[in-house]
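Engineer: Quick one: the structure is below, questions incoming.
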Amino acid sequence: MVKEQFLRIERFIGSEALERLEKKTVAVAGVGAVGGFAAEALVRSGIGRIKILDFDTISETNINRQIIATHKTVGRLKTEVMEERLKDINPDLIVEAYPVFLSEENHHLLFDGADLVLDCIDSLNPKVNLLADAFKNNVPIISSMGAALRRNPSLIRFSDIMDTWGCPLAKQVRSGLRRRGVERGIECVFSPEKVDFTY
């Protein structure tokens, strides 16, 4: 029986697709500005199990852009606050929260049992290492490139990382992946919008 909160999702994607979603696991690396919204959208759409990994705590500067950041949550672990929020949305949701810094030694926390991994981190080396390791282990992953200071949502693109342009972070990630022997096969979201980073 479908819960009332998912009735409109069921009408949109159908009962079979909703049942499949309930059996899926998505891992989200980084639950800040991008990852927080992504995790919430997944849970509101009916995903049954989610893994979240982020070592950071919420700061006052996060309040303008992160869904879990409020004056009441400043100073708390992002994973702790995110887990509470997600369980408020769906009490039956299975959440695995890891308040740790992402490293090659703990990629398995995201990979094990995940049907999809979302890379929502903004640190270059951990990002490249995660993507290369996922590629090597045939783990489906989608990566988010730089979104800071971009204002035009109509420019958002989805492509293989090697087909990106106009995004400084994507350029660095491409170079890092090539050094690790990865060419094509990693999908990402990016924007080629020109940004003035001087202010």
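Numbering starts fresh at 1 for the residues of each chain in the structure tokens, the chains themselves are lettered A, B, ... in the order given, and ligands are numbered from 1 as they appear.
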Residues within 10 Å of Lys3 in chain A, please, as an NGL selection string. Count only C-alpha atoms; anything in the same chain fewer than 6 positions from it doesn't count.

Structural biologist: :A and (10 or 46 or 90)

Engineer: If you run DSSP on this backbone, which residues of range 76-183 of chain A come out as helix (DSSP H, G or I), and could you give them as a PyMOL selection string?

Structural biologist: chain A and resi 78-89+104-111+124-136+153-155+161-163+168-179

Engineer: What are the closest atom pairs, with distances in Å to one decimal, for each residue of range 103-158 of chain A lying within 12 Å of range 54-71 of chain A, using only C-alpha atoms, rows by chain and rising residue number, as JSON lines?

Structural biologist:
{"residue": "A:Ser103", "atom": "CA", "partner": "A:Phe55", "partner_atom": "CA", "distance": 10.9}
{"residue": "A:Asn106", "atom": "CA", "partner": "A:Asp54", "partner_atom": "CA", "distance": 11.8}
{"residue": "A:Leu109", "atom": "CA", "partner": "A:Asp54", "partner_atom": "CA", "distance": 11.6}
{"residue": "A:Leu110", "atom": "CA", "partner": "A:Asp54", "partner_atom": "CA", "distance": 11.2}
{"residue": "A:Asp119", "atom": "CA", "partner": "A:Asp54", "partner_atom": "CA", "distance": 11.2}
{"residue": "A:Cys120", "atom": "CA", "partner": "A:Asp54", "partner_atom": "CA", "distance": 9.9}
{"residue": "A:Ile121", "atom": "CA", "partner": "A:Asp54", "partner_atom": "CA", "distance": 8.7}
{"residue": "A:Asp122", "atom": "CA", "partner": "A:Asp54", "partner_atom": "CA", "distance": 11.4}
{"residue": "A:Ser123", "atom": "CA", "partner": "A:Asp54", "partner_atom": "CA", "distance": 11.9}
{"residue": "A:Ala147", "atom": "CA", "partner": "A:Arg65", "partner_atom": "CA", "distance": 11.2}
{"residue": "A:Ala148", "atom": "CA", "partner": "A:Arg65", "partner_atom": "CA", "distance": 10.2}
{"residue": "A:Leu149", "atom": "CA", "partner": "A:Arg65", "partner_atom": "CA", "distance": 11.3}

Engineer: Just the selected residues (all heavy atoms), exported as a short mmCIF file (atom, residue, chain, number, x, y, z; two decimals), in the first residue's frame, please.

Structural biologist:
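As a result, again16.cif now contains:
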data_model
loop_
_atom_site.label_atom_id
_atom_site.label_comp_id
_atom_site.auth_asym_id
_atom_site.auth_seq_id
_atom_site.Cartn_x
_atom_site.Cartn_y
_atom_site.Cartn_z
N SER A 103 37.89 9.79 2.31
CA SER A 103 39.25 9.40 1.93
C SER A 103 39.17 8.09 1.16
O SER A 103 38.14 7.41 1.17
CB SER A 103 40.13 9.23 3.16
OG SER A 103 39.72 8.09 3.90
N ASN A 106 37.87 5.12 3.05
CA ASN A 106 36.46 4.92 3.45
C ASN A 106 35.46 5.06 2.30
O ASN A 106 34.26 5.18 2.54
CB ASN A 106 36.08 5.83 4.62
CG ASN A 106 36.22 7.31 4.31
OD1 ASN A 106 36.10 7.74 3.17
ND2 ASN A 106 36.46 8.11 5.35
N LEU A 109 32.32 2.92 2.40
CA LEU A 109 31.11 3.30 3.13
C LEU A 109 30.02 3.78 2.18
O LEU A 109 28.84 3.56 2.42
CB LEU A 109 31.43 4.42 4.14
CG LEU A 109 32.41 4.08 5.26
CD1 LEU A 109 32.73 5.31 6.09
CD2 LEU A 109 31.87 2.96 6.14
N LEU A 110 30.44 4.43 1.11
CA LEU A 110 29.49 4.90 0.10
C LEU A 110 29.15 3.80 -0.91
O LEU A 110 28.01 3.64 -1.32
CB LEU A 110 30.07 6.11 -0.64
CG LEU A 110 30.30 7.37 0.17
CD1 LEU A 110 31.10 8.38 -0.64
CD2 LEU A 110 28.98 7.97 0.61
N ASP A 119 28.27 12.49 -6.05
CA ASP A 119 29.44 13.23 -5.58
C ASP A 119 29.06 14.70 -5.50
O ASP A 119 28.91 15.37 -6.52
CB ASP A 119 30.61 13.02 -6.55
CG ASP A 119 31.64 14.13 -6.45
OD1 ASP A 119 31.88 14.62 -5.33
OD2 ASP A 119 32.19 14.53 -7.50
N CYS A 120 28.90 15.19 -4.28
CA CYS A 120 28.51 16.59 -4.05
C CYS A 120 29.55 17.32 -3.21
O CYS A 120 29.22 18.22 -2.44
CB CYS A 120 27.14 16.64 -3.38
SG CYS A 120 25.84 15.79 -4.28
N ILE A 121 30.81 16.91 -3.34
CA ILE A 121 31.87 17.54 -2.56
C ILE A 121 32.59 18.57 -3.43
O ILE A 121 32.56 18.49 -4.66
CB ILE A 121 32.86 16.49 -2.01
CG1 ILE A 121 33.45 15.63 -3.12
CG2 ILE A 121 32.16 15.61 -0.97
CD1 ILE A 121 34.46 14.61 -2.63
N ASP A 122 33.22 19.53 -2.76
CA ASP A 122 33.86 20.61 -3.51
C ASP A 122 35.38 20.64 -3.35
O ASP A 122 36.02 21.57 -3.85
CB ASP A 122 33.25 21.96 -3.12
CG ASP A 122 33.31 22.23 -1.62
OD1 ASP A 122 33.98 21.46 -0.90
OD2 ASP A 122 32.68 23.20 -1.18
N SER A 123 35.95 19.67 -2.69
CA SER A 123 37.41 19.60 -2.54
C SER A 123 37.98 18.77 -3.69
O SER A 123 37.56 17.63 -3.91
CB SER A 123 37.78 18.95 -1.21
OG SER A 123 37.28 19.73 -0.14
N ALA A 147 29.12 25.25 -8.66
CA ALA A 147 27.86 25.97 -8.79
C ALA A 147 27.94 27.37 -8.18
O ALA A 147 27.04 28.18 -8.35
CB ALA A 147 26.74 25.19 -8.12
N ALA A 148 29.05 27.66 -7.51
CA ALA A 148 29.17 28.93 -6.79
C ALA A 148 29.07 30.12 -7.74
O ALA A 148 29.68 30.13 -8.82
CB ALA A 148 30.50 28.99 -6.04
N LEU A 149 28.28 31.12 -7.35
CA LEU A 149 28.11 32.39 -8.04
C LEU A 149 27.43 32.29 -9.40
O LEU A 149 27.32 33.28 -10.11
CB LEU A 149 29.46 33.12 -8.19
CG LEU A 149 30.20 33.42 -6.89
CD1 LEU A 149 31.54 34.09 -7.19
CD2 LEU A 149 29.36 34.29 -5.97
#

Engineer: Mind checking which residues fall within 10 Å of Leu86 in chain A, counting only C-alpha atoms, ignoring those fewer than 3 positions away in the same chain, and posting them as a PyMOL selection string?

Structural biologist: chain A and resi 36+39-44+50+81-83+89-95

Engineer: Find the residues around Leu7 in chain A up to 10 Å (only C-alpha atoms counted), leave out those fewer than 6 positions away in its own chain, and share them as a VMD selection string.

Structural biologist: chain A and resid 14 to 15 18

Engineer: Now that the selection is made, can you save its residues with N, CA, C and O atoms as a PDB file, in the first residue's frame?

Structural biologist:
ATOM      1  N   GLY A  14       4.400   6.075 -11.746  1.00  0.00           N
ATOM      2  CA  GLY A  14       3.765   4.761 -11.749  1.00  0.00           C
ATOM      3  C   GLY A  14       4.118   3.955 -10.515  1.00  0.00           C
ATOM      4  O   GLY A  14       5.161   4.169  -9.878  1.00  0.00           O
ATOM      5  N   SER A  15       3.264   2.996 -10.173  1.00  0.00           N
ATOM      6  CA  SER A  15       3.439   2.219  -8.942  1.00  0.00           C
ATOM      7  C   SER A  15       4.664   1.311  -8.993  1.00  0.00           C
ATOM      8  O   SER A  15       5.372   1.133  -7.998  1.00  0.00           O
ATOM      9  N   LEU A  18       7.779   3.374  -8.406  1.00  0.00           N
ATOM     10  CA  LEU A  18       7.837   3.787  -7.006  1.00  0.00           C
ATOM     11  C   LEU A  18       8.300   2.633  -6.126  1.00  0.00           C
ATOM     12  O   LEU A  18       9.110   2.820  -5.217  1.00  0.00           O
TER      13      LEU A  18
END

Engineer: Mind the document's chain letters and residue numbers, and return as a VMD selection string the residues of chain A that DSSP labels strand (DSSP E).

Structural biologist: chain A and resid 25 to 29 49 to 53 94 to 98 116 to 119 141 to 144 157 to 160 187 to 190

Engineer: Compare A:Glu105, A:Ala132, A:Asp88, A:Phe190 by their minimum atom-to-atom distance to Ser144 in chain A, counting only C-alpha atoms, and give me the closest one.

Structural biologist: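 Residue with the minimum atom-to-atom distance to Ser144 in chain A: A:Phe190.
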
Engineer: I'd like the contact shell of Lys194 in chain A - 12 Å cut-off, only C-alpha atoms, skipping same-chain residues fewer than 2 positions apart - returned as an MDAnalysis selection string.

Structural biologist: chainID A and resid 146:152 155 165:168 190:192 196:197

Engineer: Write the residues of the preceding selection, restricted to N, CA and C atoms, as a compact mmCIF listing (two decimals), in the first residue's frame.

Structural biologist:
# COMPACT_ATOMS: atom_id res chain seq x y z
N GLY A 146 31.24 22.83 -10.18
CA GLY A 146 31.09 24.09 -9.47
C GLY A 146 29.76 24.78 -9.73
N ALA A 147 29.12 25.25 -8.66
CA ALA A 147 27.86 25.97 -8.79
C ALA A 147 27.94 27.37 -8.18
N ALA A 148 29.05 27.66 -7.51
CA ALA A 148 29.17 28.93 -6.79
C ALA A 148 29.07 30.12 -7.74
N LEU A 149 28.28 31.12 -7.35
CA LEU A 149 28.11 32.39 -8.04
C LEU A 149 27.43 32.29 -9.40
N ARG A 150 26.97 31.11 -9.76
CA ARG A 150 26.27 30.97 -11.04
C ARG A 150 24.80 31.32 -10.83
N ARG A 151 24.25 32.10 -11.76
CA ARG A 151 22.91 32.65 -11.58
C ARG A 151 21.91 32.20 -12.62
N ASN A 152 22.37 31.60 -13.70
CA ASN A 152 21.47 31.30 -14.82
C ASN A 152 21.19 29.79 -14.88
N LEU A 155 21.52 27.43 -18.07
CA LEU A 155 22.81 26.99 -18.60
C LEU A 155 23.28 25.67 -18.00
N TRP A 165 32.75 22.07 -20.46
CA TRP A 165 33.50 23.26 -20.87
C TRP A 165 33.06 24.44 -20.00
N GLY A 166 33.94 25.42 -19.88
CA GLY A 166 33.57 26.66 -19.20
C GLY A 166 33.50 26.58 -17.68
N CYS A 167 33.82 25.45 -17.09
CA CYS A 167 33.77 25.29 -15.63
C CYS A 167 35.18 25.00 -15.14
N PRO A 168 35.78 25.92 -14.37
CA PRO A 168 37.15 25.71 -13.90
C PRO A 168 37.33 24.43 -13.07
N PHE A 190 27.01 20.33 -14.71
CA PHE A 190 27.91 21.48 -14.70
C PHE A 190 27.23 22.67 -15.35
N SER A 191 27.87 23.82 -15.21
CA SER A 191 27.41 25.03 -15.89
C SER A 191 28.60 25.73 -16.52
N PRO A 192 28.47 26.08 -17.81
CA PRO A 192 29.54 26.82 -18.47
C PRO A 192 29.44 28.34 -18.25
N ASP A 196 32.68 35.81 -12.32
CA ASP A 196 33.76 36.65 -11.84
C ASP A 196 34.03 36.28 -10.39
N PHE A 197 35.15 35.59 -10.16
CA PHE A 197 35.48 35.12 -8.80
C PHE A 197 36.28 36.14 -8.01

Engineer: So the first atom is CA of Ala38 in chain A and the second is CA of Tyr98 in chain A; what is the distance between them in Å, to one decimal place?

Structural biologist: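 These atoms are spaced 16.8 Å apart.
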
Engineer: Near Glu187 in chain A, counting only C-alpha atoms, which residues have an atom at most 12 Å away, once you skip same-chain residues fewer than 5 positions from it, shown as a list in words?

Structural biologist: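 Residues meeting the cut-off are Leu116, Val117, Leu118, Asp119, Leu131, Ala134, Phe135, Val139, Pro140, Ile141, Ile142, Ser143, Ser144, Met145, Arg157, Phe158, Ser159, Asp160, Ile161, Met162, Asp163, Thr164, Ala170 and Arg174 of chain A.
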
Engineer: Can you spit out the residues from that selection as an mmCIF file, in the first residue's frame, using N, CA, C and O atoms?

Structural biologist:
data_model
loop_
_atom_site.group_PDB
_atom_site.id
_atom_site.type_symbol
_atom_site.label_atom_id
_atom_site.label_comp_id
_atom_site.auth_asym_id
_atom_site.auth_seq_id
_atom_site.Cartn_x
_atom_site.Cartn_y
_atom_site.Cartn_z
ATOM 1 N N LEU A 116 23.549 3.888 -6.587
ATOM 2 C CA LEU A 116 24.060 5.106 -7.205
ATOM 3 C C LEU A 116 24.746 5.936 -6.130
ATOM 4 O O LEU A 116 24.294 5.982 -4.984
ATOM 5 N N VAL A 117 25.845 6.588 -6.524
ATOM 6 C CA VAL A 117 26.542 7.515 -5.631
ATOM 7 C C VAL A 117 26.455 8.905 -6.245
ATOM 8 O O VAL A 117 26.647 9.071 -7.453
ATOM 9 N N LEU A 118 26.157 9.898 -5.412
ATOM 10 C CA LEU A 118 26.184 11.286 -5.840
ATOM 11 C C LEU A 118 27.394 11.959 -5.212
ATOM 12 O O LEU A 118 27.531 11.972 -3.986
ATOM 13 N N ASP A 119 28.270 12.492 -6.049
ATOM 14 C CA ASP A 119 29.436 13.230 -5.578
ATOM 15 C C ASP A 119 29.059 14.700 -5.498
ATOM 16 O O ASP A 119 28.910 15.368 -6.517
ATOM 17 N N LEU A 131 35.864 9.785 -7.668
ATOM 18 C CA LEU A 131 35.397 9.485 -9.020
ATOM 19 C C LEU A 131 36.228 8.382 -9.669
ATOM 20 O O LEU A 131 35.685 7.464 -10.293
ATOM 21 N N ALA A 134 35.395 5.047 -8.000
ATOM 22 C CA ALA A 134 34.081 4.561 -8.433
ATOM 23 C C ALA A 134 34.173 3.995 -9.848
ATOM 24 O O ALA A 134 33.627 2.924 -10.133
ATOM 25 N N PHE A 135 34.879 4.688 -10.724
ATOM 26 C CA PHE A 135 35.052 4.228 -12.102
ATOM 27 C C PHE A 135 35.754 2.871 -12.124
ATOM 28 O O PHE A 135 35.315 1.947 -12.812
ATOM 29 N N VAL A 139 31.185 1.446 -9.993
ATOM 30 C CA VAL A 139 30.118 1.977 -9.152
ATOM 31 C C VAL A 139 29.465 3.148 -9.889
ATOM 32 O O VAL A 139 30.151 4.120 -10.226
ATOM 33 N N PRO A 140 28.167 3.095 -10.169
ATOM 34 C CA PRO A 140 27.507 4.220 -10.846
ATOM 35 C C PRO A 140 27.607 5.488 -9.999
ATOM 36 O O PRO A 140 27.276 5.473 -8.808
ATOM 37 N N ILE A 141 28.086 6.569 -10.616
ATOM 38 C CA ILE A 141 28.275 7.818 -9.872
ATOM 39 C C ILE A 141 27.950 9.000 -10.779
ATOM 40 O O ILE A 141 28.203 8.963 -11.981
ATOM 41 N N ILE A 142 27.346 10.021 -10.187
ATOM 42 C CA ILE A 142 27.104 11.292 -10.868
ATOM 43 C C ILE A 142 27.773 12.371 -10.038
ATOM 44 O O ILE A 142 27.615 12.419 -8.815
ATOM 45 N N SER A 143 28.518 13.231 -10.707
ATOM 46 C CA SER A 143 29.298 14.251 -10.009
ATOM 47 C C SER A 143 28.734 15.644 -10.255
ATOM 48 O O SER A 143 28.297 15.958 -11.361
ATOM 49 N N SER A 144 28.772 16.465 -9.228
ATOM 50 C CA SER A 144 28.361 17.855 -9.349
ATOM 51 C C SER A 144 29.604 18.733 -9.442
ATOM 52 O O SER A 144 30.494 18.650 -8.592
ATOM 53 N N MET A 145 29.656 19.556 -10.469
ATOM 54 C CA MET A 145 30.777 20.482 -10.632
ATOM 55 C C MET A 145 30.461 21.787 -9.906
ATOM 56 O O MET A 145 29.543 21.868 -9.132
ATOM 57 N N ARG A 157 23.970 21.948 -17.470
ATOM 58 C CA ARG A 157 24.123 20.870 -18.446
ATOM 59 C C ARG A 157 24.426 19.553 -17.730
ATOM 60 O O ARG A 157 24.948 19.538 -16.628
ATOM 61 N N PHE A 158 24.126 18.455 -18.426
ATOM 62 C CA PHE A 158 24.422 17.104 -17.939
ATOM 63 C C PHE A 158 25.197 16.390 -19.036
ATOM 64 O O PHE A 158 24.705 16.300 -20.169
ATOM 65 N N SER A 159 26.396 15.923 -18.736
ATOM 66 C CA SER A 159 27.199 15.276 -19.768
ATOM 67 C C SER A 159 28.288 14.422 -19.135
ATOM 68 O O SER A 159 28.466 14.415 -17.917
ATOM 69 N N ASP A 160 29.028 13.727 -19.978
ATOM 70 C CA ASP A 160 30.251 13.060 -19.531
ATOM 71 C C ASP A 160 31.230 14.139 -19.083
ATOM 72 O O ASP A 160 31.306 15.210 -19.684
ATOM 73 N N ILE A 161 31.971 13.865 -18.031
ATOM 74 C CA ILE A 161 32.925 14.845 -17.504
ATOM 75 C C ILE A 161 33.898 15.326 -18.581
ATOM 76 O O ILE A 161 34.323 16.474 -18.596
ATOM 77 N N MET A 162 34.229 14.460 -19.521
ATOM 78 C CA MET A 162 35.188 14.820 -20.562
ATOM 79 C C MET A 162 34.592 15.751 -21.621
ATOM 80 O O MET A 162 35.325 16.293 -22.439
ATOM 81 N N ASP A 163 33.282 15.956 -21.593
ATOM 82 C CA ASP A 163 32.628 16.845 -22.552
ATOM 83 C C ASP A 163 32.264 18.191 -21.942
ATOM 84 O O ASP A 163 31.569 18.987 -22.568
ATOM 85 N N THR A 164 32.724 18.456 -20.719
ATOM 86 C CA THR A 164 32.391 19.725 -20.063
ATOM 87 C C THR A 164 33.239 20.858 -20.632
ATOM 88 O O THR A 164 34.304 20.634 -21.199
ATOM 89 N N ALA A 170 35.546 21.638 -13.292
ATOM 90 C CA ALA A 170 35.467 20.494 -14.208
ATOM 91 C C ALA A 170 36.787 20.305 -14.950
ATOM 92 O O ALA A 170 37.235 19.176 -15.166
ATOM 93 N N ARG A 174 38.870 16.910 -14.764
ATOM 94 C CA ARG A 174 39.251 16.174 -15.978
ATOM 95 C C ARG A 174 40.740 15.847 -15.980
ATOM 96 O O ARG A 174 41.146 14.720 -16.256
#

Engineer: Kindly give the distance, in Å, that separates CA of Gly181 in chain A and CA of Lys136 in chain A, rounded to a single decimal.

Structural biologist: 9.5 Å

Engineer: Can you work out which one of A:Ala114, A:Ile52, A:Leu130, A:Arg85 has the shortest atom-to-atom distance to Thr73 in chain A, counting only C-alpha atoms?

Structural biologist: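 Of all the options, A:Arg85 lies closest to Thr73 in chain A.
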
Engineer: Which neighbours of Glu80 in chain A fall inside 8 Å, counting only C-alpha atoms, when residues of the same chain fewer than 3 positions from it are skipped, and could you give them as a VMD selection string?

Structural biologist: chain A and resid 76 to 77 83 to 84 97 99

Engineer: Have a look at A:Gly113, A:Glu193, A:Ile13, A:Ala29 and name the one nearest to Ser154 in chain A; count only C-alpha atoms.

Structural biologist: A:Glu193

Engineer: Distance CA of Lys87 in chain A-CA of Phe37 in chain A, one decimal place?

Structural biologist: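 A separation of 14.6 Å between them.
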